[in-house]
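Just below is one structure, and these are the notes that go with it.
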There are 4 protein chains.
Amino acid sequence: MDDAIAAQVRSIFDKANFLQHLGIQLTATGEGACETTLTVEDRHLQQHGFVHAGVIATMADHTAGGAARAASGERDVITIEFKINFLRPASARKLTCRGKVLRAGKTVIVAESEVFAINDSESKLIAKLTETLAVLD
Amino acid sequence: MDDAIAAQVRSIFDKANFLQHLGIQLTATGEGACETTLTVEDRHLQQHGFVHAGVIATMADHTAGGAARAASGERDVITIEFKINFLRPASARKLTCRGKVLRAGKTVIVAESEVFAINDSESKLIAKLTETLAVLD
Amino acid sequence: MDDAIAAQVRSIFDKANFLQHLGIQLTATGEGACETTLTVEDRHLQQHGFVHAGVIATMADHTAGGAARAASGERDVITIEFKINFLRPASARKLTCRGKVLRAGKTVIVAESEVFAINDSESKLIAKLTETLAVLD
Amino acid sequence: MDDAIAAQVRSIFDKANFLQHLGIQLTATGEGACETTLTVEDRHLQQHGFVHAGVIATMADHTAGGAARAASGERDVITIEFKINFLRPASARKLTCRGKVLRAGKTVIVAESEVFAINDSESKLIAKLTETLAVLD
């Protein structure tokens, strides 16, 4: 792992109150790539006992944002839009997410991420996000 | 406000731990419509001091879901995908959201929602979401 | 209708081969707004006899783009992403579309559009699009 | 290539007037997978001389739809929404597209597709789509 990239990505996790509050943790970074994990708690659930779409979207957004930040050098990034499909209800007690950059332009970066539910040794894709980020001056 | 509709919508807010945890409150319901509010706290912020995209997305998703629930009669609904555009950074201490149904089919409902930042007497559109929900058996 | 705005919007319709080829016509422009119409022909249909999603998406995209161009002054715009929901099958012989700007920034514009099927005197919403455009230098 | 799957997918290409009209051709199918190609003509272009977003969206939508049809057995599918990001301007004279299913449920299928511009021996990713399809009774 390149130290400069790792530090850039870590900065947008450490300073983001809401990520800390939810308990989403950065686990790996790479060139245009980022991985996170979340231990699910009761406070993360919705009315049917599954992880709330908002929790999954937050994780998918910020992990895609981490991947973008790993590709934006000195400059910071901010999400301007995203789209997420929920593929299966999330009933696991652990989620992981992997983000990667699809295209890094000078002013706009497009990234995607996939969220997996981890049960025992099994990993199931539960959501997929695509997002556009603006590169800040 | 129709009591039966209001009770349906309220049920998906009262039982959703994550909504309670964030502090998002249901303020009004109508035919295929729903309104919510959030008093912003420091825990809701991201690394630049604005409300985190995940908080806004959660509010927009659940409010659109409330609008859909107001149109689905006896049957419950679940989000299968959404798309959200962030139009302005959210620096206000109060957010409101209005959701409405665009099309209520037997198995699929499409709804949209708009999130507003409230500063003094001014209200600014900060995000717009469109989402698809499945109607459960 | 402001003549300068109308000329800007018209330019992105007149020079777009594919729009001409499909038969999509500009019918009105305004501040951050644009309207178009299409007379449906057999070549526009898909395998079930409805208007193809690609035709509807093209119309919705270019009309939202026209609305953005009506808000971008001297500078041109280009679509960087869009999302469209298809609300009803389109079996009409005439479609109209209305686009409007949600937010016009210096480098990014967000616009939306709605497509209607016109049967006799009835107009039904069949699709809704939201899109992000980059403002070119 | 399984003959039954190939025949299912081929049926939604052969009967779709608009696909024939644009010149989009089915080149391969597999389990939950589909590939297409398009030779770009002047009629496909937009005002800057690039392939129109609507052409790319049509190709990406129908190819993802082909992948979904390859996973839906006896039952037909119809697009209910899609989202597409345009990653680079398309100036090539040949486009190819690969679609694959992310999740095939009983009533809803989620698929994605990638569009590539082919110049000489080089292939560049120019667009990525995610879509939801309803499985028809």
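Letters A, B, ... mark the chains of the structure tokens in the order given; residue numbers begin at 1 per chain; ligand numbers begin at 1, in order shown.
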
Could you list, with a cut-off of 12 Å and counting only C-alpha atoms, the residues of chain A near chain D, each shown with its nearest atom pair and the distance in Å rounded to one decimal, rows sorted by chain and ascending number, as JSON lines?
```
{"residue": "A:Glu81", "atom": "CA", "partner": "D:Asn85", "partner_atom": "CA", "distance": 10.8}
{"residue": "A:Phe82", "atom": "CA", "partner": "D:Lys83", "partner_atom": "CA", "distance": 9.6}
{"residue": "A:Lys83", "atom": "CA", "partner": "D:Lys83", "partner_atom": "CA", "distance": 7.3}
{"residue": "A:Ile84", "atom": "CA", "partner": "D:Thr130", "partner_atom": "CA", "distance": 8.9}
{"residue": "A:Asn85", "atom": "CA", "partner": "D:Val110", "partner_atom": "CA", "distance": 7.8}
{"residue": "A:Phe86", "atom": "CA", "partner": "D:Val110", "partner_atom": "CA", "distance": 9.1}
{"residue": "A:Leu87", "atom": "CA", "partner": "D:Arg103", "partner_atom": "CA", "distance": 6.2}
{"residue": "A:Arg88", "atom": "CA", "partner": "D:Arg103", "partner_atom": "CA", "distance": 8.4}
{"residue": "A:Val101", "atom": "CA", "partner": "D:Leu87", "partner_atom": "CA", "distance": 11.0}
{"residue": "A:Leu102", "atom": "CA", "partner": "D:Leu87", "partner_atom": "CA", "distance": 7.9}
{"residue": "A:Arg103", "atom": "CA", "partner": "D:Leu87", "partner_atom": "CA", "distance": 6.2}
{"residue": "A:Ala104", "atom": "CA", "partner": "D:Leu87", "partner_atom": "CA", "distance": 8.8}
{"residue": "A:Gly105", "atom": "CA", "partner": "D:Leu87", "partner_atom": "CA", "distance": 8.8}
{"residue": "A:Val108", "atom": "CA", "partner": "D:Leu87", "partner_atom": "CA", "distance": 9.5}
{"residue": "A:Ile109", "atom": "CA", "partner": "D:Leu87", "partner_atom": "CA", "distance": 8.8}
{"residue": "A:Val110", "atom": "CA", "partner": "D:Leu87", "partner_atom": "CA", "distance": 7.4}
{"residue": "A:Ala111", "atom": "CA", "partner": "D:Asn85", "partner_atom": "CA", "distance": 9.9}
{"residue": "A:Glu112", "atom": "CA", "partner": "D:Lys128", "partner_atom": "CA", "distance": 10.0}
{"residue": "A:Glu114", "atom": "CA", "partner": "D:Leu102", "partner_atom": "CA", "distance": 10.8}
{"residue": "A:Lys124", "atom": "CA", "partner": "D:Arg103", "partner_atom": "CA", "distance": 10.7}
{"residue": "A:Leu125", "atom": "CA", "partner": "D:Leu102", "partner_atom": "CA", "distance": 8.6}
{"residue": "A:Ile126", "atom": "CA", "partner": "D:Arg103", "partner_atom": "CA", "distance": 9.1}
{"residue": "A:Ala127", "atom": "CA", "partner": "D:Leu102", "partner_atom": "CA", "distance": 9.4}
{"residue": "A:Lys128", "atom": "CA", "partner": "D:Leu102", "partner_atom": "CA", "distance": 8.8}
{"residue": "A:Leu129", "atom": "CA", "partner": "D:Thr130", "partner_atom": "CA", "distance": 8.9}
{"residue": "A:Thr130", "atom": "CA", "partner": "D:Asn85", "partner_atom": "CA", "distance": 8.2}
{"residue": "A:Glu131", "atom": "CA", "partner": "D:Asn85", "partner_atom": "CA", "distance": 8.5}
{"residue": "A:Thr132", "atom": "CA", "partner": "D:Asn85", "partner_atom": "CA", "distance": 8.3}
{"residue": "A:Leu133", "atom": "CA", "partner": "D:Asn85", "partner_atom": "CA", "distance": 11.8}
```

May I have chain C as a short mmCIF file (atom, residue, chain, number, x, y, z; two decimals) with N, CA and C atoms, in the first residue's frame, after a least-squares superposition on chain D that uses all C-alpha atoms paired in order?
```cif
data_model
loop_
_atom_site.label_atom_id
_atom_site.label_comp_id
_atom_site.auth_asym_id
_atom_site.auth_seq_id
_atom_site.Cartn_x
_atom_site.Cartn_y
_atom_site.Cartn_z
N MET C 1 -22.32 -22.11 -26.23
CA MET C 1 -23.53 -21.31 -26.02
C MET C 1 -24.77 -22.22 -26.02
N ASP C 2 -25.55 -22.10 -24.95
CA ASP C 2 -26.75 -22.92 -24.86
C ASP C 2 -27.79 -22.42 -25.87
N ASP C 3 -28.30 -23.36 -26.69
CA ASP C 3 -29.20 -22.96 -27.78
C ASP C 3 -30.49 -22.30 -27.31
N ALA C 4 -31.06 -22.82 -26.22
CA ALA C 4 -32.32 -22.26 -25.72
C ALA C 4 -32.14 -20.82 -25.26
N ILE C 5 -31.08 -20.59 -24.50
CA ILE C 5 -30.79 -19.24 -24.04
C ILE C 5 -30.54 -18.31 -25.22
N ALA C 6 -29.74 -18.77 -26.16
CA ALA C 6 -29.43 -17.94 -27.34
C ALA C 6 -30.70 -17.56 -28.09
N ALA C 7 -31.63 -18.51 -28.21
CA ALA C 7 -32.88 -18.22 -28.93
C ALA C 7 -33.74 -17.20 -28.18
N GLN C 8 -33.77 -17.32 -26.85
CA GLN C 8 -34.52 -16.35 -26.04
C GLN C 8 -33.98 -14.94 -26.24
N VAL C 9 -32.68 -14.83 -26.14
CA VAL C 9 -32.07 -13.50 -26.26
C VAL C 9 -32.24 -12.98 -27.68
N ARG C 10 -32.03 -13.85 -28.64
CA ARG C 10 -32.16 -13.40 -30.04
C ARG C 10 -33.56 -12.85 -30.30
N SER C 11 -34.57 -13.47 -29.68
CA SER C 11 -35.95 -13.04 -29.94
C SER C 11 -36.17 -11.58 -29.55
N ILE C 12 -35.53 -11.12 -28.47
CA ILE C 12 -35.77 -9.73 -28.08
C ILE C 12 -34.94 -8.75 -28.91
N PHE C 13 -34.00 -9.26 -29.68
CA PHE C 13 -33.28 -8.38 -30.61
C PHE C 13 -33.99 -8.37 -31.98
N ASP C 14 -34.38 -9.53 -32.46
CA ASP C 14 -34.95 -9.61 -33.81
C ASP C 14 -36.26 -8.86 -33.92
N LYS C 15 -37.04 -8.87 -32.83
CA LYS C 15 -38.37 -8.25 -32.87
C LYS C 15 -38.37 -6.78 -32.46
N ALA C 16 -37.21 -6.27 -32.10
CA ALA C 16 -37.15 -4.88 -31.64
C ALA C 16 -36.78 -3.97 -32.81
N ASN C 17 -37.79 -3.33 -33.38
CA ASN C 17 -37.56 -2.47 -34.55
C ASN C 17 -36.43 -1.47 -34.33
N PHE C 18 -36.44 -0.85 -33.18
CA PHE C 18 -35.51 0.26 -32.95
C PHE C 18 -34.06 -0.23 -32.95
N LEU C 19 -33.85 -1.43 -32.43
CA LEU C 19 -32.49 -2.00 -32.44
C LEU C 19 -32.02 -2.25 -33.87
N GLN C 20 -32.93 -2.81 -34.66
CA GLN C 20 -32.63 -3.07 -36.08
C GLN C 20 -32.34 -1.76 -36.80
N HIS C 21 -33.18 -0.78 -36.51
CA HIS C 21 -33.07 0.52 -37.16
C HIS C 21 -31.71 1.18 -36.85
N LEU C 22 -31.26 1.06 -35.62
CA LEU C 22 -29.97 1.66 -35.26
C LEU C 22 -28.78 0.87 -35.80
N GLY C 23 -29.00 -0.45 -35.99
CA GLY C 23 -27.92 -1.29 -36.47
C GLY C 23 -27.15 -2.00 -35.37
N ILE C 24 -27.76 -2.08 -34.18
CA ILE C 24 -27.11 -2.78 -33.07
C ILE C 24 -27.30 -4.28 -33.24
N GLN C 25 -26.19 -5.02 -33.22
CA GLN C 25 -26.24 -6.46 -33.51
C GLN C 25 -25.82 -7.30 -32.32
N LEU C 26 -26.57 -8.37 -32.11
CA LEU C 26 -26.23 -9.35 -31.08
C LEU C 26 -25.06 -10.19 -31.56
N THR C 27 -24.00 -10.28 -30.74
CA THR C 27 -22.83 -11.06 -31.17
C THR C 27 -22.56 -12.29 -30.31
N ALA C 28 -23.06 -12.30 -29.07
CA ALA C 28 -22.84 -13.48 -28.22
C ALA C 28 -23.81 -13.47 -27.06
N THR C 29 -24.13 -14.67 -26.58
CA THR C 29 -24.94 -14.79 -25.37
C THR C 29 -24.32 -15.88 -24.49
N GLY C 30 -24.67 -15.85 -23.22
CA GLY C 30 -24.19 -16.87 -22.29
C GLY C 30 -25.15 -16.89 -21.12
N GLU C 31 -24.81 -17.58 -20.07
CA GLU C 31 -25.67 -17.60 -18.88
C GLU C 31 -25.68 -16.23 -18.23
N GLY C 32 -26.78 -15.54 -18.30
CA GLY C 32 -26.87 -14.21 -17.72
C GLY C 32 -25.91 -13.23 -18.36
N ALA C 33 -25.64 -13.43 -19.65
CA ALA C 33 -24.66 -12.57 -20.33
C ALA C 33 -25.04 -12.34 -21.78
N CYS C 34 -24.57 -11.24 -22.34
CA CYS C 34 -24.96 -10.84 -23.69
C CYS C 34 -23.92 -9.86 -24.23
N GLU C 35 -23.61 -9.96 -25.52
CA GLU C 35 -22.69 -9.02 -26.15
C GLU C 35 -23.26 -8.49 -27.45
N THR C 36 -22.99 -7.21 -27.73
CA THR C 36 -23.49 -6.59 -28.95
C THR C 36 -22.41 -5.71 -29.58
N THR C 37 -22.67 -5.32 -30.83
CA THR C 37 -21.74 -4.43 -31.52
C THR C 37 -22.53 -3.43 -32.36
N LEU C 38 -21.90 -2.30 -32.63
CA LEU C 38 -22.51 -1.27 -33.48
C LEU C 38 -21.43 -0.61 -34.33
N THR C 39 -21.68 -0.56 -35.62
CA THR C 39 -20.81 0.23 -36.51
C THR C 39 -21.40 1.64 -36.56
N VAL C 40 -20.64 2.60 -36.08
CA VAL C 40 -21.13 3.97 -35.95
C VAL C 40 -21.26 4.63 -37.33
N GLU C 41 -22.39 5.29 -37.53
CA GLU C 41 -22.62 6.06 -38.76
C GLU C 41 -22.89 7.52 -38.36
N ASP C 42 -22.87 8.40 -39.35
CA ASP C 42 -23.06 9.83 -39.06
C ASP C 42 -24.41 10.10 -38.39
N ARG C 43 -25.41 9.33 -38.74
CA ARG C 43 -26.74 9.54 -38.14
C ARG C 43 -26.76 9.29 -36.63
N HIS C 44 -25.75 8.61 -36.10
CA HIS C 44 -25.70 8.30 -34.66
C HIS C 44 -25.08 9.43 -33.82
N LEU C 45 -24.60 10.48 -34.46
CA LEU C 45 -23.79 11.47 -33.75
C LEU C 45 -24.61 12.59 -33.12
N GLN C 46 -23.98 13.29 -32.15
CA GLN C 46 -24.60 14.48 -31.56
C GLN C 46 -23.88 15.73 -32.07
N GLN C 47 -24.15 16.85 -31.44
CA GLN C 47 -23.70 18.14 -31.97
C GLN C 47 -22.19 18.37 -31.93
N HIS C 48 -21.45 17.58 -31.13
CA HIS C 48 -19.99 17.75 -31.11
C HIS C 48 -19.28 16.69 -31.94
N GLY C 49 -20.04 15.86 -32.66
CA GLY C 49 -19.43 14.84 -33.50
C GLY C 49 -19.16 13.53 -32.78
N PHE C 50 -19.57 13.43 -31.51
CA PHE C 50 -19.44 12.17 -30.78
C PHE C 50 -20.73 11.35 -30.93
N VAL C 51 -20.66 10.07 -30.60
CA VAL C 51 -21.87 9.25 -30.62
C VAL C 51 -22.84 9.80 -29.57
N HIS C 52 -24.11 9.95 -29.94
CA HIS C 52 -25.11 10.53 -29.05
C HIS C 52 -25.33 9.65 -27.81
N ALA C 53 -25.48 10.30 -26.67
CA ALA C 53 -25.75 9.59 -25.41
C ALA C 53 -26.94 8.63 -25.57
N GLY C 54 -27.91 9.01 -26.39
CA GLY C 54 -29.09 8.17 -26.58
C GLY C 54 -28.78 6.86 -27.31
N VAL C 55 -27.83 6.91 -28.22
CA VAL C 55 -27.41 5.69 -28.93
C VAL C 55 -26.69 4.76 -27.96
N ILE C 56 -25.79 5.34 -27.18
CA ILE C 56 -25.01 4.56 -26.20
C ILE C 56 -25.95 3.97 -25.15
N ALA C 57 -26.91 4.77 -24.70
CA ALA C 57 -27.86 4.30 -23.69
C ALA C 57 -28.74 3.19 -24.25
N THR C 58 -29.17 3.33 -25.51
CA THR C 58 -29.99 2.29 -26.13
C THR C 58 -29.23 0.97 -26.20
N MET C 59 -27.98 1.06 -26.61
CA MET C 59 -27.15 -0.14 -26.72
C MET C 59 -26.92 -0.77 -25.34
N ALA C 60 -26.59 0.06 -24.36
CA ALA C 60 -26.31 -0.44 -23.02
C ALA C 60 -27.57 -1.04 -22.38
N ASP C 61 -28.70 -0.37 -22.59
CA ASP C 61 -29.98 -0.86 -22.04
C ASP C 61 -30.36 -2.20 -22.66
N HIS C 62 -30.32 -2.28 -23.97
CA HIS C 62 -30.80 -3.50 -24.62
C HIS C 62 -29.84 -4.68 -24.38
N THR C 63 -28.57 -4.39 -24.22
CA THR C 63 -27.60 -5.46 -23.96
C THR C 63 -27.75 -5.97 -22.52
N ALA C 64 -27.96 -5.07 -21.58
CA ALA C 64 -28.27 -5.50 -20.21
C ALA C 64 -29.58 -6.29 -20.22
N GLY C 65 -30.54 -5.84 -21.01
CA GLY C 65 -31.81 -6.55 -21.15
C GLY C 65 -31.62 -7.94 -21.75
N GLY C 66 -30.71 -8.06 -22.71
CA GLY C 66 -30.39 -9.36 -23.29
C GLY C 66 -29.80 -10.30 -22.24
N ALA C 67 -28.92 -9.75 -21.40
CA ALA C 67 -28.33 -10.56 -20.32
C ALA C 67 -29.43 -11.03 -19.36
N ALA C 68 -30.35 -10.13 -19.04
CA ALA C 68 -31.46 -10.49 -18.15
C ALA C 68 -32.34 -11.56 -18.79
N ARG C 69 -32.59 -11.40 -20.11
CA ARG C 69 -33.43 -12.37 -20.82
C ARG C 69 -32.74 -13.75 -20.85
N ALA C 70 -31.44 -13.75 -20.81
CA ALA C 70 -30.68 -15.01 -20.77
C ALA C 70 -30.80 -15.69 -19.42
N ALA C 71 -31.37 -14.96 -18.44
CA ALA C 71 -31.49 -15.51 -17.08
C ALA C 71 -32.94 -15.67 -16.64
N SER C 72 -33.89 -15.41 -17.54
CA SER C 72 -35.29 -15.36 -17.10
C SER C 72 -36.14 -16.54 -17.60
N GLY C 73 -35.47 -17.55 -18.16
CA GLY C 73 -36.17 -18.77 -18.57
C GLY C 73 -37.28 -18.52 -19.57
N GLU C 74 -38.48 -19.00 -19.25
CA GLU C 74 -39.61 -18.89 -20.18
C GLU C 74 -40.20 -17.49 -20.22
N ARG C 75 -39.85 -16.69 -19.25
CA ARG C 75 -40.54 -15.41 -19.08
C ARG C 75 -39.78 -14.23 -19.67
N ASP C 76 -40.55 -13.29 -20.17
CA ASP C 76 -39.97 -12.11 -20.80
C ASP C 76 -39.64 -11.05 -19.74
N VAL C 77 -38.86 -10.06 -20.14
CA VAL C 77 -38.45 -9.00 -19.21
C VAL C 77 -38.70 -7.63 -19.84
N ILE C 78 -38.84 -6.62 -18.97
CA ILE C 78 -38.98 -5.25 -19.47
C ILE C 78 -38.24 -4.30 -18.52
N THR C 79 -37.54 -3.33 -19.10
CA THR C 79 -36.76 -2.37 -18.31
C THR C 79 -37.69 -1.49 -17.49
N ILE C 80 -37.43 -1.37 -16.18
CA ILE C 80 -38.22 -0.41 -15.41
C ILE C 80 -37.41 0.85 -15.03
N GLU C 81 -36.11 0.75 -15.03
CA GLU C 81 -35.27 1.94 -14.83
C GLU C 81 -33.85 1.59 -15.18
N PHE C 82 -33.08 2.63 -15.56
CA PHE C 82 -31.64 2.44 -15.66
C PHE C 82 -30.91 3.73 -15.36
N LYS C 83 -29.61 3.57 -15.05
CA LYS C 83 -28.71 4.69 -14.80
C LYS C 83 -27.45 4.44 -15.59
N ILE C 84 -26.98 5.48 -16.25
CA ILE C 84 -25.78 5.32 -17.07
C ILE C 84 -24.83 6.49 -16.85
N ASN C 85 -23.56 6.14 -16.69
CA ASN C 85 -22.50 7.16 -16.62
C ASN C 85 -21.70 7.14 -17.92
N PHE C 86 -21.46 8.32 -18.46
CA PHE C 86 -20.68 8.46 -19.69
C PHE C 86 -19.26 8.86 -19.27
N LEU C 87 -18.31 7.97 -19.52
CA LEU C 87 -16.97 8.13 -18.95
C LEU C 87 -16.01 8.86 -19.87
N ARG C 88 -16.22 8.71 -21.16
CA ARG C 88 -15.37 9.38 -22.16
C ARG C 88 -16.23 9.68 -23.38
N PRO C 89 -15.92 10.76 -24.12
CA PRO C 89 -16.62 11.00 -25.39
C PRO C 89 -16.34 9.84 -26.35
N ALA C 90 -17.36 9.44 -27.11
CA ALA C 90 -17.23 8.29 -28.00
C ALA C 90 -16.99 8.78 -29.42
N SER C 91 -15.71 8.69 -29.86
CA SER C 91 -15.40 9.14 -31.21
C SER C 91 -15.04 7.98 -32.14
N ALA C 92 -15.14 6.75 -31.63
CA ALA C 92 -14.77 5.59 -32.44
C ALA C 92 -15.82 5.28 -33.49
N ARG C 93 -15.46 4.49 -34.46
CA ARG C 93 -16.39 4.05 -35.51
C ARG C 93 -16.99 2.68 -35.19
N LYS C 94 -16.54 2.09 -34.08
CA LYS C 94 -17.13 0.81 -33.66
C LYS C 94 -17.30 0.80 -32.14
N LEU C 95 -18.48 0.38 -31.70
CA LEU C 95 -18.73 0.21 -30.28
C LEU C 95 -19.08 -1.25 -30.01
N THR C 96 -18.64 -1.75 -28.85
CA THR C 96 -19.11 -3.06 -28.40
C THR C 96 -19.67 -2.89 -27.00
N CYS C 97 -20.51 -3.82 -26.62
CA CYS C 97 -21.14 -3.74 -25.29
C CYS C 97 -21.27 -5.13 -24.70
N ARG C 98 -20.96 -5.23 -23.40
CA ARG C 98 -21.11 -6.50 -22.69
C ARG C 98 -22.03 -6.30 -21.50
N GLY C 99 -23.08 -7.11 -21.43
CA GLY C 99 -24.02 -7.05 -20.31
C GLY C 99 -23.93 -8.30 -19.46
N LYS C 100 -24.20 -8.15 -18.16
CA LYS C 100 -24.25 -9.34 -17.30
C LYS C 100 -25.24 -9.09 -16.16
N VAL C 101 -25.80 -10.19 -15.69
CA VAL C 101 -26.78 -10.13 -14.61
C VAL C 101 -26.07 -10.04 -13.27
N LEU C 102 -26.51 -9.11 -12.42
CA LEU C 102 -25.98 -9.01 -11.05
C LEU C 102 -26.81 -9.84 -10.09
N ARG C 103 -28.12 -9.92 -10.36
CA ARG C 103 -29.02 -10.64 -9.45
C ARG C 103 -30.31 -10.96 -10.21
N ALA C 104 -30.64 -12.24 -10.28
CA ALA C 104 -31.87 -12.65 -10.96
C ALA C 104 -32.86 -13.15 -9.94
N GLY C 105 -33.86 -12.32 -9.60
CA GLY C 105 -34.93 -12.73 -8.70
C GLY C 105 -36.12 -13.22 -9.51
N LYS C 106 -37.17 -13.62 -8.81
CA LYS C 106 -38.36 -14.14 -9.50
C LYS C 106 -39.13 -13.05 -10.22
N THR C 107 -39.16 -11.85 -9.63
CA THR C 107 -39.96 -10.78 -10.22
C THR C 107 -39.12 -9.61 -10.72
N VAL C 108 -37.90 -9.53 -10.25
CA VAL C 108 -37.02 -8.42 -10.62
C VAL C 108 -35.63 -8.96 -10.93
N ILE C 109 -35.02 -8.45 -12.00
CA ILE C 109 -33.64 -8.78 -12.34
C ILE C 109 -32.83 -7.48 -12.40
N VAL C 110 -31.62 -7.50 -11.83
CA VAL C 110 -30.72 -6.36 -11.93
C VAL C 110 -29.54 -6.76 -12.80
N ALA C 111 -29.24 -5.93 -13.80
CA ALA C 111 -28.15 -6.23 -14.71
C ALA C 111 -27.31 -4.99 -14.93
N GLU C 112 -26.09 -5.18 -15.40
CA GLU C 112 -25.24 -4.04 -15.73
C GLU C 112 -24.62 -4.26 -17.10
N SER C 113 -24.13 -3.19 -17.71
CA SER C 113 -23.44 -3.35 -18.99
C SER C 113 -22.38 -2.28 -19.13
N GLU C 114 -21.39 -2.61 -19.94
CA GLU C 114 -20.28 -1.69 -20.22
C GLU C 114 -20.15 -1.52 -21.72
N VAL C 115 -19.97 -0.27 -22.14
CA VAL C 115 -19.82 0.03 -23.57
C VAL C 115 -18.37 0.43 -23.82
N PHE C 116 -17.79 -0.14 -24.87
CA PHE C 116 -16.39 0.13 -25.22
C PHE C 116 -16.30 0.75 -26.61
N ALA C 117 -15.42 1.72 -26.75
CA ALA C 117 -15.10 2.28 -28.07
C ALA C 117 -13.88 1.53 -28.60
N ILE C 118 -13.98 1.06 -29.84
CA ILE C 118 -12.89 0.28 -30.43
C ILE C 118 -12.20 1.13 -31.49
N ASN C 119 -10.92 1.45 -31.25
CA ASN C 119 -10.11 2.19 -32.22
C ASN C 119 -8.87 1.36 -32.50
N ASP C 120 -8.68 0.99 -33.76
CA ASP C 120 -7.57 0.09 -34.12
C ASP C 120 -7.65 -1.11 -33.19
N SER C 121 -6.60 -1.39 -32.47
CA SER C 121 -6.65 -2.58 -31.61
C SER C 121 -7.01 -2.20 -30.18
N GLU C 122 -7.27 -0.91 -29.94
CA GLU C 122 -7.50 -0.45 -28.59
C GLU C 122 -8.99 -0.42 -28.23
N SER C 123 -9.30 -0.82 -27.01
CA SER C 123 -10.67 -0.82 -26.53
C SER C 123 -10.75 0.03 -25.27
N LYS C 124 -11.61 1.07 -25.28
CA LYS C 124 -11.73 1.95 -24.12
C LYS C 124 -13.15 1.94 -23.56
N LEU C 125 -13.26 1.82 -22.24
CA LEU C 125 -14.56 1.86 -21.58
C LEU C 125 -15.13 3.29 -21.69
N ILE C 126 -16.29 3.43 -22.32
CA ILE C 126 -16.84 4.78 -22.46
C ILE C 126 -18.13 4.99 -21.67
N ALA C 127 -18.78 3.91 -21.25
CA ALA C 127 -20.02 4.09 -20.50
C ALA C 127 -20.32 2.86 -19.66
N LYS C 128 -20.98 3.09 -18.53
CA LYS C 128 -21.41 1.97 -17.67
C LYS C 128 -22.84 2.20 -17.21
N LEU C 129 -23.64 1.17 -17.36
CA LEU C 129 -25.07 1.24 -17.01
C LEU C 129 -25.41 0.19 -15.96
N THR C 130 -26.35 0.53 -15.09
CA THR C 130 -26.97 -0.45 -14.18
C THR C 130 -28.47 -0.33 -14.37
N GLU C 131 -29.18 -1.46 -14.48
CA GLU C 131 -30.62 -1.35 -14.67
C GLU C 131 -31.41 -2.42 -13.95
N THR C 132 -32.68 -2.09 -13.72
CA THR C 132 -33.63 -3.00 -13.09
C THR C 132 -34.67 -3.38 -14.13
N LEU C 133 -34.96 -4.67 -14.20
CA LEU C 133 -35.99 -5.15 -15.14
C LEU C 133 -37.06 -5.91 -14.36
N ALA C 134 -38.29 -5.78 -14.81
CA ALA C 134 -39.37 -6.59 -14.26
C ALA C 134 -39.49 -7.86 -15.09
N VAL C 135 -39.72 -9.00 -14.42
CA VAL C 135 -39.98 -10.26 -15.11
C VAL C 135 -41.48 -10.34 -15.33
N LEU C 136 -41.90 -10.49 -16.58
CA LEU C 136 -43.33 -10.49 -16.91
C LEU C 136 -43.95 -11.86 -16.67
N ASP C 137 -45.23 -11.88 -16.32
CA ASP C 137 -45.94 -13.15 -16.08
C ASP C 137 -46.10 -13.94 -17.39
#
```

*asked:* Among range 18-128 of chain C, which ones does DSSP assign to strand (DSSP E or B) (computed from the backbone)? Answer as a PyMOL selection string.
replied: chain C and resi 25-30+33-39+45+51+77-86+94-104+108-119+122-128

_Filtered DSSP result for chain D, state helix (DSSP H, G or I), as a ChimeraX atom specification_ = /D:3-14,17-22,42-44,53-69
